[in-house]
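Everything on this sheet refers to the single structure shown next.
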Amino acid sequence: MPEKDALRVQLLGPVRVLAGGRPVPIPARPRVVLAALALAGGRRVGTGELIAHCWEERLPEHPRRALQTLVGRLRALLGAGTLVTVADGYALDTDRVVVDLQLFRDLVRRAEADEDAADTFLRQALELWHGEPLAGVASDRLRTQAAARLTDERIAALLRRIDLDLDRGRSQEVLGELRALTGEQPLREEIWRRLITALHRDGRRADALAAYQQIRTNLRDELGIDPGPELQQLHLSLLQDEPVAAPAAVPVPRQLPAETADFVGREADLAALDRLLAAGNTERPVPIATITGLAGGGKTTLALRWAHRVAGHFPDGQLYVNLRGFDAAEQALSPASVLAPFLDALGVPPERVPADLDALAGLYRSQLAAKRLLVVLDNARDAGQVRPLLPGSSGCLVLVTSRDPLGGLIAGHGAQPVTVGLPSESDARLMLTRRLGRGRTDTDSDAVGEIVAACARLPLALAVVAARAALHPEFPLRDIAAELRAAPTTLDAFADEDISTDVRTVLSWSYQQLDPPTARLFRLLGLHPGPDITTPAAASLAGVPTTQARPLLNALTRTGLLTEHAPGRFHFHDLLRAYAAELVTNEADRDHAHVRLLDHFLHTAHTAAGLLVPSRDPLDLPEPPSGCVPEPLSDHRSAMTWFTAERHNLIATLTHAGAIGYHRHAWQLAWALCPFLDRGGRRHELIGVHRVGLAAAEHLDDPTGRAHTHQGLANADGLLGRFTTAKEHLTEALGLFREAGDKPAEAAALVDLSWILHEQGQRREALIEAERAHALYHAIDHHIGEAIALTEIAWCQALLGDYEQSLASNEQAYTILEKVGDRHGQADTWQSMGFAHQQLGDHLRAIDCFTRALELYRDLNDPDGTADALTSLGEIHHHTGDTAAAHRAWRHALELREKYHHPDTEDLRAKLRLGTAHQRK
């Protein structure tokens with residue numbers, strides 16, 4: 001029991017606070033907040049829920065502010081540290097505050113665990129009650145949610161203690177309590193049974209018969225039914241004047257199947273379920289947890305592990321049923337077909353079991369009233385199958401597993417969702433070790449890694465392989481790994497004679513539930529090579545409008561075949577992807593879907609590239625096929641956002657296009673990706689995609705494609721400081737562009753060549769190539785190109801010491817770039833002008849130019865340009881004696897350079913060391 005001077009909150013009667021045994025007056029609304037937090041037992045209660053409890057229908061003008069005021073008043077009354085702010089809500093610190101409800105529940109649990117001391121613990125628990133629970137709380141909403149449930153808990157504890165008294169012959173002592181209880185609960189047969197038994201044992205047979213007539217009248221008047229068989233049998237014993245036994249022990253069902261011996265990991269999921277158990281009945285009428293995830297992902301294994309772990313908390317038993325929601329071999333069970341055996345397990349005679357579903361559900365809830373029982377509903381199809389199986393008693397807890405997300409239970413019943421992901425690689429390895437023994441797995445650790453990778457960490461696949469290995473202990477694991485590699489298709493490696501563990505069959509059970517349009521989209525999604533897919537891309541893949549694709553994707557998510565891991569982004573498990581791809585047997589469907597998806601990414605990327613570099617001449621792309629709808633992008637920001645989100649998909653799609661023979665798409669996607677990867681500092685990715693693009697262009701014998709990919713490779717090599725190789729690629733590109741007569745592309749390659757030359761220190765030669773590019777652009781009246789060439793000319797002039805002419809060239813370029821809206825080109829000219837002003841000794845103008853360049857580069861999300869501008873600002877600040885500003889600029893530049901492994905990283909570190917040394921002086 002708590003110390004006398006502890007701060008105590010009483011909920012089991014009028015709500016009060018005692019400090020050192022003395023009452024602490026709490027005003028009405030703060031008392032509502034206190035009651036809600038005390039009911040939560042130390043867990044967070046959200047701001048919205050507290051506001052609803054305090055003001056119900058008529059909210060104040062600023063409800064959050066008003067709630068903060070109440071919380072502040074309550075903190076002042078209770079003392080510092082008693083109320084804790086947690087995310088968007090508050091919690092009671094139960095280390096500082098003792099709540100009588102938590103004491104009551106703890107004592108009841110101790111009574112369940114210790115039969116010898118049960119009577120003592122139950123009496124101590126019941127002594128904590130001092131009236132109607134939550135009396136004096138000015139919130140109908142809170143009392144409606146919790147008071148009846150708390151009363152059920154008190155009655156359940158009291159009946160257990162009365163049963164102990166009856167077993168020990170104390171009939172007379174319990175009569176007063178039982179009469180009071182029947183007055184409070186005139187329709188609860190289990191109370192009347194005990195009253196009649198106690199009266200008869202006390203020698204008051206006439207009173208016992210009168211009591212039976214009273215409950216019979218109550219039931220007929222209120223519900224139109226007769227007493228149940230237990231009361232009728234008790235009545236017959238009275239009429240025959242036979243000894244009346246104590247109330248018959250109600251059967252305690254123990255239906256949980258055995259759990260697997262090799263369960264590993266899942267600590268976070270188990271902890272989430274533990275929190276639901278700890279919450280008891282304070283947060284929701286019936287605590288419910290939904291365990292959802294993909295087929296074969298270990299949902300049932302997790303549910304059974306936790307159910308066995310907590311079975312002791314439910315002394316009235318555990319009910320279990322496999323609802324067969326995704327079982328092709330048998331139909332999903334109807335709620336009525338589940339309720340009848342549940343009632344049988346609870347001891348209800350067959351003649352009392354009605355046929356109507358509503359009546360069945362009502363009787364089921366009545367049987368579970370005041371009981372503490374765990375109900376495990378495995379493999380549910382949807383929320384509709386589950387709802388009639390939910391108890392009405394707050395002492396029960398329901399665990400539901402399903403491939404469906406069961407959003408209806410979460411939204412309508414406050415279910416706690418637990419989404420089962422894949423085990424970590426280490427847990428997957430441990431699963432195999434548990435099955436096969438450490439000696440075997442440690443001997444061939446590399447093979448274990450291969451097996452885990454081939455199974456894509458799917459627990460069902462791991463179990464199939466482990467079973468094969470266990471059946472053949474003489475097989476080395478490296479041979480089993482080789483079998484997986486050699487299987488004709490990915491899923492062939494996980495075939496099993498038992499359909500319940502054959503991976504392909506288990507996955508098919510979900511697929512066979514789909515309607516034709518959803519099944520078609522599922523099949524086609526298997527063709528997408530990227531890690532995830534958006535609704536617009538899925539729509540193009542299937543050749544349907546986006547408005548039609550979204551409901552289909554939602555349906556796949558509900559069946560666990562797809563996961564929406566971020567809003568609007570969906571991904572497959574690898575084995576599900578393999579299964580879906582197997583189902584696309586029509587070659588024409590496969591080809592059309594490939595082209596629609598490739599064109600979706602190519603045309604959207606082409607638009608995005610044009611928004612990043614307006615001065616870049618676009619490619620001449622064929623129109624996309626019918627049903628392919630590229631995403632509409634409007635500005636630089638939307639282009640960067642799309643590229644960033646789709647980067648992995650674009651690279652995977654480009655690589656896949658080259659591998660399956662869509663060579664034009666491969667090199668054109670590489671071309672479109674170039675600006676984004678360049679500005680993101682992703683040089684090695686830039687080289688990788690252009691190597692794929694070059695191979696594709698060479699396969700087509702397409703000179704234009706070869707030229708563009710050579711130019712892209714030159715750009716990537718130059719950024720990595722590999723100037724000799726870059727020049728070789730540019731020389732090849734220039735030759736091809738000239739052969740094709742593509743003057744704009746030739747001029748662009750000359751600008752790139754100028755940049756490579758001045759990076760090599762060949763400044764005069766660089767200026768010559770830049771001037772040749774300008775002349776070529778001018779000859780074809782290409783104004784944007786002229787501006788780009790002028791920017792390069794200006795930089796070469798500055799490097800040669802002709803700063804005034806460099807400024808003039810930059811100003812001429814800036815006028816054109818500003819007119820066409822090329823903000824990246826404008827940033828480059830500001831950077832170049834800053835350098836010229838710096839060399840002329842005009843530091844204020846130089847700082848202004850570098851600052852303008854920095855703002856533009858940052859706004860354009862260009863880490864390379866941003867680092868260049870910061871480096872320049874650091875140098876000029878250092879030169880003018882502001883070493884602190886120089887140090888800040890260089891430090892930020894270094895962070896960017898290190899992130900992308902830039903060749904200039906060591907130079908910046910040297911500058912920072914120099915700046916630090918000056919600061920110390």
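Chains: A, B, ... in order of the structure tokens. Residues: from 1 per chain. Ligands: from 1, in order shown.
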
**Message:** Env of A:Ala580: 8 Å cut, atoms = only C-alpha atoms, seq-sep filter 4 positions within chain, self excluded. Answer as a PyMOL selection string.
**Reply:** chain A and resi 522-527+576+584

**Request:** Excluding A:Ala770 and any residue of its chain fewer than 5 positions from it, enumerate the residues within 8 Å of it, using only C-alpha atoms, and give them as a count of residues only.
**Result:** 7

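Distance-wise, atom CA of A:Gly721 and atom CA of A:Asn649 end up 28.1 Å apart.
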
**Request:** Quick one: everything within 10 Å of A:Ala609, counting only C-alpha atoms, minus sequence neighbours fewer than 6 positions away in the same chain. Send it as a list in words.
**Result:** His603, Arg616, Pro618, His636, Ala639, Met640, Phe643, Trp671, Ala672, Leu673, Cys674, Pro675 and Phe676 of chain A

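Each of A:Leu800, A:Leu50, A:Ala307, A:Leu870 was checked against A:Leu374 using only C-alpha atoms; the smallest atom-to-atom distance is that of A:Ala307.
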
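Here atom CA of A:Ala853 stands at a distance of 4.5 Å from atom CA of A:Ala827.
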